[in-house]
>>> print(open('input.csv').read())   # CSV, C-alpha atoms and all ligand atoms
chain,number,residue,atom,x,y,z
A,7,MET,CA,22.6,16.6,-51.8
A,8,ARG,CA,23.4,12.9,-51.7
A,9,ALA,CA,25.6,13.4,-48.7
A,10,THR,CA,22.8,15.2,-46.8
A,11,PHE,CA,20.4,12.4,-47.6
A,12,LYS,CA,23.0,9.9,-46.4
A,13,ARG,CA,23.4,11.8,-43.1
A,14,ALA,CA,19.7,11.9,-42.7
A,15,LEU,CA,19.2,8.1,-43.3
A,16,PRO,CA,19.8,6.9,-39.8
A,17,VAL,CA,17.3,9.5,-38.5
A,18,ILE,CA,14.7,8.5,-41.1
A,19,ALA,CA,15.3,4.8,-40.2
A,20,VAL,CA,14.8,5.5,-36.5
A,21,LEU,CA,11.6,7.5,-37.2
A,22,LEU,CA,10.3,4.7,-39.4
A,23,VAL,CA,11.0,2.0,-36.9
A,24,ALA,CA,9.5,4.1,-34.1
A,25,SER,CA,6.3,4.6,-36.2
A,26,ILE,CA,6.0,0.9,-36.9
A,27,LEU,CA,6.6,0.0,-33.3
A,28,ALA,CA,4.0,2.6,-32.2
A,29,ALA,CA,1.5,1.3,-34.7
A,30,CYS,CA,2.1,-2.3,-33.7
A,31,SER,CA,1.9,-1.7,-30.0
A,32,SER,CA,-1.3,0.2,-29.4
A,33,SER,CA,-4.3,-1.3,-27.7
A,34,THR,CA,-7.9,-0.2,-28.0
A,35,THR,CA,-11.0,-0.3,-26.0
A,36,THR,CA,-14.2,0.9,-27.7
A,37,THR,CA,-17.4,1.8,-26.0
A,38,SER,CA,-20.6,0.4,-27.5
A,39,GLY,CA,-23.0,2.9,-29.1
A,40,SER,CA,-20.6,5.8,-29.5
A,41,SER,CA,-20.2,6.2,-33.3
A,42,SER,CA,-20.3,9.9,-33.8
A,43,SER,CA,-17.4,12.3,-33.4
A,44,GLY,CA,-18.4,14.3,-30.4
A,45,SER,CA,-21.5,15.7,-32.0
A,46,SER,CA,-24.2,14.6,-29.5
A,47,SER,CA,-24.6,15.9,-26.0
A,48,SER,CA,-25.7,14.1,-22.8
A,49,SER,CA,-28.1,15.7,-20.4
A,50,GLY,CA,-25.2,17.2,-18.4
A,51,GLY,CA,-24.0,18.9,-21.6
A,52,LEU,CA,-21.0,16.7,-21.9
A,53,LYS,CA,-20.1,15.5,-25.4
A,54,LYS,CA,-20.4,11.8,-26.2
A,55,GLY,CA,-18.7,9.9,-29.0
A,56,LEU,CA,-15.4,11.7,-28.6
A,57,LYS,CA,-12.4,9.9,-30.0
A,58,VAL,CA,-9.9,10.0,-27.1
A,59,PHE,CA,-6.3,8.7,-27.2
A,60,VAL,CA,-4.6,8.0,-23.9
A,61,ILE,CA,-0.8,8.2,-24.5
A,62,PRO,CA,1.4,7.2,-21.5
A,63,LYS,CA,5.1,7.6,-21.6
A,64,ASN,CA,5.4,4.1,-22.8
A,65,LEU,CA,3.5,0.8,-23.0
A,66,GLY,CA,4.3,-2.2,-20.8
A,67,ASN,CA,4.7,-0.2,-17.6
A,68,ASN,CA,2.3,-1.5,-15.0
A,69,TYR,CA,1.7,1.9,-13.5
A,70,PHE,CA,0.3,3.2,-16.8
A,71,THR,CA,-1.6,0.0,-17.5
A,72,THR,CA,-3.4,0.6,-14.2
A,73,ALA,CA,-3.9,4.4,-14.9
A,74,ASP,CA,-5.3,3.8,-18.3
A,75,SER,CA,-7.3,0.6,-18.4
A,76,SER,CA,-10.9,-0.1,-18.3
A,77,LYS,CA,-10.7,-3.1,-16.0
A,78,THR,CA,-8.8,-1.2,-13.4
A,79,GLY,CA,-11.3,1.7,-13.4
A,80,GLY,CA,-8.7,4.0,-15.1
A,81,ALA,CA,-9.0,6.5,-17.9
A,82,ILE,CA,-10.7,4.2,-20.4
A,83,ALA,CA,-13.3,3.2,-17.8
A,84,ALA,CA,-14.2,6.8,-17.3
A,85,LEU,CA,-14.5,7.4,-21.0
A,86,GLU,CA,-16.8,4.4,-21.4
A,87,ALA,CA,-19.0,5.7,-18.6
A,88,LEU,CA,-19.1,9.1,-20.5
A,89,GLY,CA,-20.0,7.5,-23.8
A,90,SER,CA,-16.8,8.1,-25.6
A,91,THR,CA,-14.1,5.9,-27.1
A,92,GLY,CA,-10.8,5.4,-25.3
A,93,THR,CA,-7.7,4.1,-27.0
A,94,GLU,CA,-4.4,3.6,-25.2
A,95,THR,CA,-1.4,4.0,-27.5
A,96,SER,CA,2.3,4.9,-27.2
A,97,GLY,CA,5.8,3.6,-28.1
A,98,THR,CA,7.7,0.9,-26.3
A,99,ALA,CA,10.4,3.2,-24.9
A,100,ALA,CA,9.8,6.2,-22.6
A,101,THR,CA,11.4,8.6,-25.0
A,102,PRO,CA,10.1,11.4,-27.2
A,103,ALA,CA,11.4,9.5,-30.3
A,104,SER,CA,9.2,6.6,-29.4
A,105,GLN,CA,6.2,8.6,-28.1
A,106,ILE,CA,5.9,11.3,-30.8
A,107,PRO,CA,5.0,8.9,-33.7
A,108,ALA,CA,2.1,7.5,-31.6
A,109,ILE,CA,0.8,11.1,-30.9
A,110,GLN,CA,1.1,11.9,-34.6
A,111,ALA,CA,-0.8,8.7,-35.5
A,112,ALA,CA,-3.6,9.5,-33.0
A,113,ILE,CA,-4.0,12.9,-34.6
A,114,ALA,CA,-4.1,11.3,-38.1
A,115,LYS,CA,-6.8,8.9,-36.9
A,116,GLY,CA,-9.1,11.9,-36.1
A,117,ALA,CA,-8.5,12.3,-32.3
A,118,ASN,CA,-10.8,14.8,-30.6
A,119,VAL,CA,-8.8,14.6,-27.4
A,120,LEU,CA,-5.3,13.6,-26.4
A,121,ILE,CA,-4.4,12.6,-22.8
A,122,VAL,CA,-0.6,12.5,-22.6
A,123,SER,CA,2.1,11.8,-20.0
A,124,ALA,CA,5.0,13.7,-21.5
A,125,THR,CA,8.4,12.0,-21.9
A,126,ASP,CA,9.9,15.5,-22.4
A,127,PRO,CA,8.5,18.9,-21.6
A,128,THR,CA,9.6,20.5,-24.9
A,129,ALA,CA,10.3,17.8,-27.5
A,130,LEU,CA,6.5,17.0,-27.8
A,131,CYS,CA,5.5,20.6,-28.2
A,132,PRO,CA,5.4,21.1,-32.0
A,133,THR,CA,3.2,18.0,-32.3
A,134,LEU,CA,0.9,18.9,-29.3
A,135,LYS,CA,0.7,22.5,-30.5
A,136,SER,CA,-0.3,21.4,-34.0
A,137,ALA,CA,-3.0,19.2,-32.4
A,138,MET,CA,-4.3,22.2,-30.4
A,139,ALA,CA,-4.3,24.3,-33.6
A,140,LYS,CA,-6.6,21.7,-35.2
A,141,GLY,CA,-9.1,22.0,-32.3
A,142,ILE,CA,-8.0,18.9,-30.5
A,143,THR,CA,-8.2,19.1,-26.7
A,144,VAL,CA,-4.7,18.3,-25.2
A,145,VAL,CA,-4.6,17.3,-21.5
A,146,THR,CA,-1.4,16.1,-19.8
A,147,TYR,CA,-1.5,13.7,-16.9
A,148,ASP,CA,1.3,12.3,-14.7
A,149,SER,CA,4.1,14.2,-16.5
A,150,ASP,CA,3.5,17.7,-17.9
A,151,ALA,CA,4.4,19.6,-21.0
A,152,PRO,CA,3.5,23.0,-19.5
A,153,THR,CA,3.6,25.2,-22.6
A,154,CYS,CA,1.7,23.0,-25.0
A,155,ARG,CA,-1.5,21.7,-23.3
A,156,ASP,CA,-4.9,22.9,-22.2
A,157,LEU,CA,-4.8,21.3,-18.8
A,158,PHE,CA,-2.5,19.2,-16.6
A,159,ILE,CA,-3.8,16.6,-14.1
A,160,ASN,CA,-1.2,16.3,-11.4
A,161,GLN,CA,-1.1,13.3,-9.2
A,162,ALA,CA,-0.3,15.3,-6.0
A,163,SER,CA,1.6,18.4,-5.0
A,164,THR,CA,5.0,18.3,-6.7
A,165,SER,CA,6.8,19.7,-3.7
A,166,GLU,CA,5.1,17.2,-1.3
A,167,ILE,CA,6.1,14.3,-3.5
A,168,GLY,CA,9.7,15.5,-3.7
A,169,THR,CA,10.2,16.4,0.0
A,170,SER,CA,8.4,13.4,1.5
A,171,GLN,CA,10.7,10.9,-0.2
A,172,VAL,CA,13.7,12.6,1.3
A,173,ASP,CA,12.0,12.7,4.8
A,174,LEU,CA,11.1,9.0,4.5
A,175,LEU,CA,14.7,8.0,3.7
A,176,ALA,CA,16.1,10.3,6.4
A,177,LYS,CA,14.0,8.5,9.0
A,178,GLU,CA,15.3,5.1,7.8
A,179,ILE,CA,19.0,5.9,7.7
A,180,ASN,CA,19.2,8.1,10.7
A,181,SER,CA,19.6,11.2,8.5
A,182,THR,CA,23.2,10.2,7.8
A,183,GLY,CA,25.2,8.9,4.9
A,184,GLU,CA,25.7,9.0,1.1
A,185,ILE,CA,22.6,8.6,-1.0
A,186,GLY,CA,21.8,8.2,-4.7
A,187,ILE,CA,18.8,8.8,-6.9
A,188,VAL,CA,17.7,6.2,-9.6
A,189,SER,CA,15.4,8.3,-11.8
A,190,ALA,CA,13.5,7.6,-15.0
A,191,ALA,CA,14.4,9.3,-18.2
A,192,ALA,CA,16.7,12.4,-17.9
A,193,THR,CA,14.1,14.4,-19.8
A,194,ALA,CA,11.0,13.4,-17.8
A,195,THR,CA,9.2,16.5,-16.5
A,196,ASN,CA,7.7,14.8,-13.4
A,197,GLN,CA,10.9,13.2,-12.1
A,198,ASN,CA,13.0,16.3,-12.7
A,199,ALA,CA,10.5,18.5,-10.8
A,200,TRP,CA,10.4,16.1,-7.9
A,201,ILE,CA,14.2,15.8,-7.8
A,202,GLY,CA,14.4,19.6,-7.7
A,203,TYR,CA,12.4,19.5,-4.4
A,204,MET,CA,14.5,16.6,-3.1
A,205,LYS,CA,17.6,18.7,-3.5
A,206,GLN,CA,16.0,21.6,-1.6
A,207,GLN,CA,14.8,19.3,1.2
A,208,LEU,CA,18.3,17.7,1.5
A,209,ALA,CA,19.5,21.1,2.7
A,210,LYS,CA,17.7,20.3,6.0
A,211,TYR,CA,19.8,17.1,6.4
A,212,PRO,CA,23.5,18.2,6.5
A,213,ASN,CA,24.7,14.7,7.2
A,214,MET,CA,23.0,13.2,4.1
A,215,LYS,CA,24.9,13.7,0.9
A,216,LEU,CA,23.5,13.2,-2.6
A,217,VAL,CA,26.4,11.7,-4.5
A,218,SER,CA,24.8,10.7,-7.8
A,219,ILE,CA,21.7,10.7,-10.0
A,220,VAL,CA,21.4,7.9,-12.5
A,221,TYR,CA,18.7,7.3,-15.1
A,222,GLY,CA,17.1,4.0,-15.7
A,223,ASN,CA,14.7,5.3,-18.5
A,224,ASP,CA,11.7,3.4,-17.0
A,225,ASP,CA,13.2,0.3,-18.6
A,226,PRO,CA,13.8,-2.6,-16.1
A,227,PRO,CA,17.2,-3.8,-17.5
A,228,THR,CA,18.5,-0.3,-17.7
A,229,ALA,CA,17.3,0.6,-14.3
A,230,THR,CA,18.9,-2.6,-12.9
A,231,GLN,CA,22.2,-1.9,-14.6
A,232,VAL,CA,22.4,1.8,-13.5
A,233,THR,CA,21.6,0.8,-9.9
A,234,GLU,CA,24.4,-1.8,-9.9
A,235,GLY,CA,26.7,0.8,-11.3
A,236,LEU,CA,25.7,3.3,-8.6
A,237,LEU,CA,26.3,0.7,-5.8
A,238,GLU,CA,29.7,-0.3,-7.2
A,239,LYS,CA,30.9,3.3,-7.6
A,240,TYR,CA,29.7,4.3,-4.1
A,241,PRO,CA,30.3,1.3,-1.8
A,242,ASN,CA,29.4,3.4,1.3
A,243,LEU,CA,26.0,4.3,-0.1
A,244,LYS,CA,23.3,4.1,2.6
A,245,GLY,CA,20.2,4.9,0.7
A,246,ILE,CA,18.5,5.1,-2.8
A,247,ILE,CA,15.5,7.2,-3.7
A,248,SER,CA,13.8,6.1,-6.9
A,249,PRO,CA,10.9,8.4,-7.9
A,250,THR,CA,9.7,6.0,-10.5
A,251,THR,CA,7.8,2.7,-10.2
A,252,VAL,CA,10.1,1.0,-12.6
A,253,GLY,CA,13.3,2.3,-11.0
A,254,ILE,CA,12.3,1.5,-7.4
A,255,LEU,CA,11.4,-2.1,-8.2
A,256,ALA,CA,14.7,-2.6,-10.0
A,257,ALA,CA,16.6,-0.9,-7.2
A,258,ALA,CA,14.8,-3.1,-4.5
A,259,GLN,CA,15.6,-6.2,-6.5
A,260,VAL,CA,19.3,-5.4,-6.7
A,261,VAL,CA,19.6,-4.3,-3.1
A,262,SER,CA,17.9,-7.6,-2.1
A,263,THR,CA,20.9,-9.6,-3.3
A,264,PRO,CA,23.3,-10.8,-0.6
A,265,LYS,CA,26.0,-8.2,-1.6
A,266,TRP,CA,23.9,-5.2,-0.7
A,267,LYS,CA,21.1,-6.5,1.6
A,268,GLY,CA,21.2,-4.8,5.0
A,269,LYS,CA,23.6,-2.1,3.8
A,270,VAL,CA,21.3,0.0,1.7
A,271,ILE,CA,17.7,1.2,2.1
A,272,VAL,CA,15.5,1.9,-0.9
A,273,THR,CA,12.5,4.3,-1.0
A,274,GLY,CA,10.7,6.4,-3.6
A,275,LEU,CA,7.5,5.9,-5.7
A,276,GLY,CA,6.3,2.3,-6.1
A,277,THR,CA,3.2,0.3,-6.6
A,278,PRO,CA,2.0,-1.7,-3.5
A,279,ASP,CA,1.8,-4.9,-5.6
A,280,GLU,CA,5.3,-4.7,-6.9
A,281,MET,CA,6.8,-3.5,-3.6
A,282,LYS,CA,5.2,-5.9,-1.0
A,283,THR,CA,8.1,-8.3,-1.1
A,284,TYR,CA,10.6,-5.6,-0.4
A,285,VAL,CA,8.6,-4.1,2.5
A,286,ALA,CA,8.6,-7.6,3.9
A,287,ASN,CA,12.3,-8.3,3.5
A,288,GLY,CA,13.2,-4.9,4.9
A,289,VAL,CA,14.9,-3.5,1.8
A,290,ALA,CA,12.2,-0.9,1.2
A,291,PRO,CA,10.3,-0.4,4.5
A,292,ALA,CA,8.3,2.5,3.2
A,293,PHE,CA,7.5,4.2,-0.1
A,294,ILE,CA,4.9,6.5,-1.6
A,295,LEU,CA,2.3,6.6,-4.4
A,296,TRP,CA,-1.1,7.8,-5.3
A,297,ASN,CA,-3.9,5.7,-6.9
A,298,PRO,CA,-2.9,5.5,-10.6
A,299,ALA,CA,-6.3,4.4,-11.7
A,300,ASN,CA,-7.9,7.4,-10.1
A,301,LEU,CA,-5.3,9.6,-11.8
A,302,GLY,CA,-6.4,8.3,-15.2
A,303,TYR,CA,-10.0,8.4,-14.4
A,304,LEU,CA,-9.8,12.1,-13.3
A,305,ALA,CA,-7.8,13.0,-16.4
A,306,ALA,CA,-10.5,11.4,-18.6
A,307,TYR,CA,-13.3,13.3,-16.9
A,308,ALA,CA,-11.4,16.6,-17.0
A,309,ALA,CA,-10.6,16.1,-20.7
A,310,VAL,CA,-14.2,15.4,-21.6
A,311,TYR,CA,-15.4,18.5,-19.7
A,312,MET,CA,-12.7,20.5,-21.5
A,313,ALA,CA,-13.6,19.1,-24.9
A,314,SER,CA,-17.3,19.9,-24.2
A,315,LYS,CA,-16.3,23.5,-23.3
A,316,LYS,CA,-17.8,23.1,-19.8
A,317,ILE,CA,-14.5,24.3,-18.4
A,318,THR,CA,-11.7,26.3,-19.9
A,319,GLY,CA,-8.9,25.5,-17.5
A,320,ALA,CA,-9.2,28.8,-15.6
A,321,ALA,CA,-8.4,28.7,-11.9
A,322,GLY,CA,-11.4,28.4,-9.7
A,323,GLN,CA,-13.6,26.5,-12.1
A,324,THR,CA,-15.1,23.3,-10.8
A,325,PHE,CA,-16.3,20.0,-12.3
A,326,THR,CA,-17.5,16.7,-10.9
A,327,ALA,CA,-15.4,13.7,-11.9
A,328,GLY,CA,-17.9,10.8,-11.4
A,329,LYS,CA,-17.2,8.6,-8.4
A,330,LEU,CA,-14.3,10.9,-7.3
A,331,GLY,CA,-16.5,13.9,-6.7
A,332,LYS,CA,-15.9,17.6,-7.2
A,333,TYR,CA,-12.6,19.1,-8.3
A,334,THR,CA,-11.5,22.8,-8.5
A,335,ILE,CA,-9.0,23.9,-11.1
A,336,GLY,CA,-5.9,25.5,-9.6
A,337,PRO,CA,-3.2,27.9,-11.0
A,338,ASP,CA,-1.5,27.2,-14.3
A,339,ASN,CA,-4.5,25.2,-15.7
A,340,THR,CA,-3.7,22.4,-13.2
A,341,VAL,CA,-5.9,19.9,-11.3
A,342,LEU,CA,-4.6,18.0,-8.3
A,343,LEU,CA,-5.7,14.5,-7.7
A,344,GLY,CA,-5.0,14.7,-3.9
A,345,PRO,CA,-2.5,13.8,-1.3
A,346,PRO,CA,-0.3,10.7,-1.9
A,347,THR,CA,-0.3,7.6,0.4
A,348,VAL,CA,2.7,6.4,2.4
A,349,PHE,CA,2.9,2.6,2.2
A,350,ASN,CA,4.6,0.4,4.8
A,351,SER,CA,4.1,-2.9,6.6
A,352,SER,CA,1.0,-1.7,8.3
A,353,ASN,CA,-1.0,-1.0,5.1
A,354,VAL,CA,0.7,-2.3,2.0
A,355,GLY,CA,-1.3,-5.6,2.1
A,356,ASN,CA,-4.5,-3.7,1.8
A,357,PHE,CA,-3.8,-2.5,-1.7
A,358,ASN,CA,-3.9,-4.4,-5.0
A,359,PHE,CA,-2.5,-2.2,-7.7
A,401,LIG,C1,6.8,5.6,-13.5
A,401,LIG,C2,6.7,6.7,-14.5
A,401,LIG,C3,5.6,7.7,-14.1
A,401,LIG,C4,5.7,8.1,-12.6
A,401,LIG,C5,5.7,6.8,-11.8
A,401,LIG,C6,5.8,7.2,-10.3
A,401,LIG,O1,5.8,4.6,-13.8
A,401,LIG,O2,7.9,7.4,-14.6
A,401,LIG,O3,5.7,8.8,-14.9
A,401,LIG,O4,4.7,9.0,-12.3
A,401,LIG,O5,6.8,6.0,-12.2
>>> encode(input="input.csv", output="structure tokens", more="lines below")
Ligand code: RAM
Amino acid sequence: MRATFKRALPVIAVLLVASILAACSSSTTTTSGSSSSGSSSSSGGLKKGLKVFVIPKNLGNNYFTTADSSKTGGAIAALEALGSTGTETSGTAATPASQIPAIQAAIAKGANVLIVSATDPTALCPTLKSAMAKGITVVTYDSDAPTCRDLFINQASTSEIGTSQVDLLAKEINSTGEIGIVSAAATATNQNAWIGYMKQQLAKYPNMKLVSIVYGNDDPPTATQVTEGLLEKYPNLKGIISPTTVGILAAAQVVSTPKWKGKVIVTGLGTPDEMKTYVANGVAPAFILWNPANLGYLAAYAAVYMASKKITGAAGQTFTAGKLGKYTIGPDNTVLLGPPTVFNSSNVGNFNF
């Protein structure tokens, strides 16, 4: 008995610390005049006063800050416009152990809606399923948990995001040489799905060889460290694809140092603000992303329609997402934001996110 408890102690300690961190690191934006819990209806039949929790993979990642915030026009801005309350909360690390306590805390606080970017497609499921069983609307955005949500808001076609990163790199390295991938967490649904399509696309480039995939966990020091390790281990590396805004920035910074500059090209998914410098210095001439604020905004609208029972998630149903206009639900209870943008020296200066 005592031995079992002893063995369980480290686990309990980790959970406790994770809960405390999650509790300490949440930020809230509240709309004025929305005090009820989703009881009243607007003229369009959408509920007001819903308690919505926006739960990114982790806090402190600029991509999610843009996707979620009121001032960027993200999810919380949409919730304010709809007369509901939006609270952004998560853990500090992009891991299930860090994110799950934040989801549990949101449920305990009386959430009507959870909007979640999943750090793992299965580890979150017991918690998300228990939320759904309580009548809470569960919407994933950015990174899916396919078997335990009502609706997924996808940033762009998964296959297009994967294949276009390979095509971009191929153009820049003359379709030749060893390449590596600097991903986010090994469990991340979105990165793993994109990497699956990258591998398929690489079959079209017989002279490009994927030698290694390393994981920076969407943590800048870790991403820097694994990029350095990759470059040291494969001194002939010609290109790096990093399908994560945190990873691509770290990779571009490492490759900008004299040891690697001019030898390796970086591409992947990055924010224009963070990548401008590396477009200018030639380390990352082109990269891809969508508008993160629009992703959050769309997820919030879809979630409120869902919680108001105006849509059920069935394919073919439509709804109007405020300034973004009309969307049609596709297969597998999924909504697509739209095609991604390729950024390069001709347009990167026109964007400020
Ligand atoms: C990071 C996260 C996020 C991903 C972007 C591109 O910020 O991993 O999930 O969509 O990169």
>>> closest_residue(input="input.csv", among="A:Lys210, A:Lys77, A:Lys63, A:Lys316", to="Ile109 of chain A", atoms="only C-alpha atoms")
A:Lys63
>>> residues_near_ligand(input="input.csv", ligand="ligand LIG 401 (chain A)", cutoff="9 Å", atoms="all atoms listed in the file", output="PyMOL selection string")
chain A and resi 62-64+67-70+100+123-125+147-149+161+189-191+194-197+223-224+248-254+274-277+294-296+298
>>> atom_distance(input="input.csv", atom1="atom CA of Asn198 of chain A", atom2="atom CA of Ser104 of chain A")
19.7 Å
>>> closest_residue(input="input.csv", among="A:Ile82, A:Asn350, A:Lys244, A:Gly97", to="Tyr284 of chain A", atoms="all atoms listed in the file")
A:Asn350
>>> closest_residue(input="input.csv", among="A:Gly302, A:Gly331, A:Gly235, A:Pro278", to="Val348 of chain A", atoms="only C-alpha atoms")
A:Pro278
>>> closest_residue(input="input.csv", among="A:Thr153, A:Thr263, A:Gln171, A:Thr193", to="Ile247 of chain A", atoms="only C-alpha atoms")
A:Gln171
>>> atom_distance(input="input.csv", atom1="atom CA of Leu237 of chain A", atom2="atom CA of Gly355 of chain A")
29.4 Å
>>> residues_around(input="input.csv", residues="Asn160 of chain A", least_positions_apart="5", cutoff="9 Å", atoms="all atoms listed in the file", output="JSON, numbers by chain")
{"A": [146, 147, 148, 149, 150, 301, 305, 340, 341, 342, 343, 344]}
>>> atom_distance(input="input.csv", atom1="atom CA of Leu65 of chain A", atom2="atom CA of Ala112 of chain A")
15.0 Å
>>> closest_atom_pairs(input="input.csv", of="segment 33-148 of chain A", to="segment 319-328 of chain A", cutoff="12 Å", atoms="only C-alpha atoms", output="JSON lines")
{"residue": "A:Gly50", "atom": "CA", "partner": "A:Thr326", "partner_atom": "CA", "distance": 10.8}
{"residue": "A:Leu52", "atom": "CA", "partner": "A:Phe325", "partner_atom": "CA", "distance": 11.2}
{"residue": "A:Gly79", "atom": "CA", "partner": "A:Gly328", "partner_atom": "CA", "distance": 11.4}
{"residue": "A:Ala81", "atom": "CA", "partner": "A:Ala327", "partner_atom": "CA", "distance": 11.3}
{"residue": "A:Ala83", "atom": "CA", "partner": "A:Gly328", "partner_atom": "CA", "distance": 10.9}
{"residue": "A:Ala84", "atom": "CA", "partner": "A:Gly328", "partner_atom": "CA", "distance": 8.0}
{"residue": "A:Leu85", "atom": "CA", "partner": "A:Gly328", "partner_atom": "CA", "distance": 10.7}
{"residue": "A:Glu86", "atom": "CA", "partner": "A:Gly328", "partner_atom": "CA", "distance": 11.9}
{"residue": "A:Ala87", "atom": "CA", "partner": "A:Gly328", "partner_atom": "CA", "distance": 8.9}
{"residue": "A:Leu88", "atom": "CA", "partner": "A:Gly328", "partner_atom": "CA", "distance": 9.3}
{"residue": "A:Thr143", "atom": "CA", "partner": "A:Gly319", "partner_atom": "CA", "distance": 11.2}
{"residue": "A:Val144", "atom": "CA", "partner": "A:Gly319", "partner_atom": "CA", "distance": 11.3}
{"residue": "A:Val145", "atom": "CA", "partner": "A:Gly319", "partner_atom": "CA", "distance": 10.1}
>>> residues_near_point(input="input.csv", point="(8.1, 21.5, -10.7)", cutoff="7 Å", atoms="only C-alpha atoms", output="MDAnalysis selection string")
chainID A and resid 164 199:200
>>> closest_residue(input="input.csv", among="A:Val260, A:Glu184, A:Ala209, A:Lys140", to="Pro241 of chain A", atoms="only C-alpha atoms")
A:Glu184
>>> decode(input="input.csv", residues="segment 220-246 of chain A", atoms="C-alpha atoms", output="PDB file, in the first residue's frame")
ATOM      1  CA  VAL A 220      13.546  16.146 -34.346  1.00  0.00           C
ATOM      2  CA  TYR A 221      11.079  17.621 -31.849  1.00  0.00           C
ATOM      3  CA  GLY A 222      11.418  21.070 -30.301  1.00  0.00           C
ATOM      4  CA  ASN A 223       8.129  20.832 -28.341  1.00  0.00           C
ATOM      5  CA  ASP A 224       7.158  24.417 -29.260  1.00  0.00           C
ATOM      6  CA  ASP A 225       9.677  25.529 -26.653  1.00  0.00           C
ATOM      7  CA  PRO A 226      12.314  27.962 -28.023  1.00  0.00           C
ATOM      8  CA  PRO A 227      15.366  26.610 -26.091  1.00  0.00           C
ATOM      9  CA  THR A 228      14.465  22.994 -26.940  1.00  0.00           C
ATOM     10  CA  ALA A 229      13.860  23.850 -30.599  1.00  0.00           C
ATOM     11  CA  THR A 230      17.232  25.620 -30.748  1.00  0.00           C
ATOM     12  CA  GLN A 231      18.983  22.692 -29.123  1.00  0.00           C
ATOM     13  CA  VAL A 232      17.470  20.023 -31.391  1.00  0.00           C
ATOM     14  CA  THR A 233      18.218  22.118 -34.489  1.00  0.00           C
ATOM     15  CA  GLU A 234      21.867  22.416 -33.454  1.00  0.00           C
ATOM     16  CA  GLY A 235      21.965  18.667 -32.816  1.00  0.00           C
ATOM     17  CA  LEU A 236      20.481  17.969 -36.245  1.00  0.00           C
ATOM     18  CA  LEU A 237      23.027  20.192 -37.995  1.00  0.00           C
ATOM     19  CA  GLU A 238      25.957  18.676 -36.100  1.00  0.00           C
ATOM     20  CA  LYS A 239      24.823  15.120 -36.850  1.00  0.00           C
ATOM     21  CA  TYR A 240      24.193  15.773 -40.556  1.00  0.00           C
ATOM     22  CA  PRO A 241      26.884  18.217 -41.724  1.00  0.00           C
ATOM     23  CA  ASN A 242      25.743  17.868 -45.358  1.00  0.00           C
ATOM     24  CA  LEU A 243      22.189  18.932 -44.570  1.00  0.00           C
ATOM     25  CA  LYS A 244      20.819  21.254 -47.263  1.00  0.00           C
ATOM     26  CA  GLY A 245      17.410  22.129 -45.890  1.00  0.00           C
ATOM     27  CA  ILE A 246      15.186  22.207 -42.807  1.00  0.00           C
TER      28      ILE A 246
END
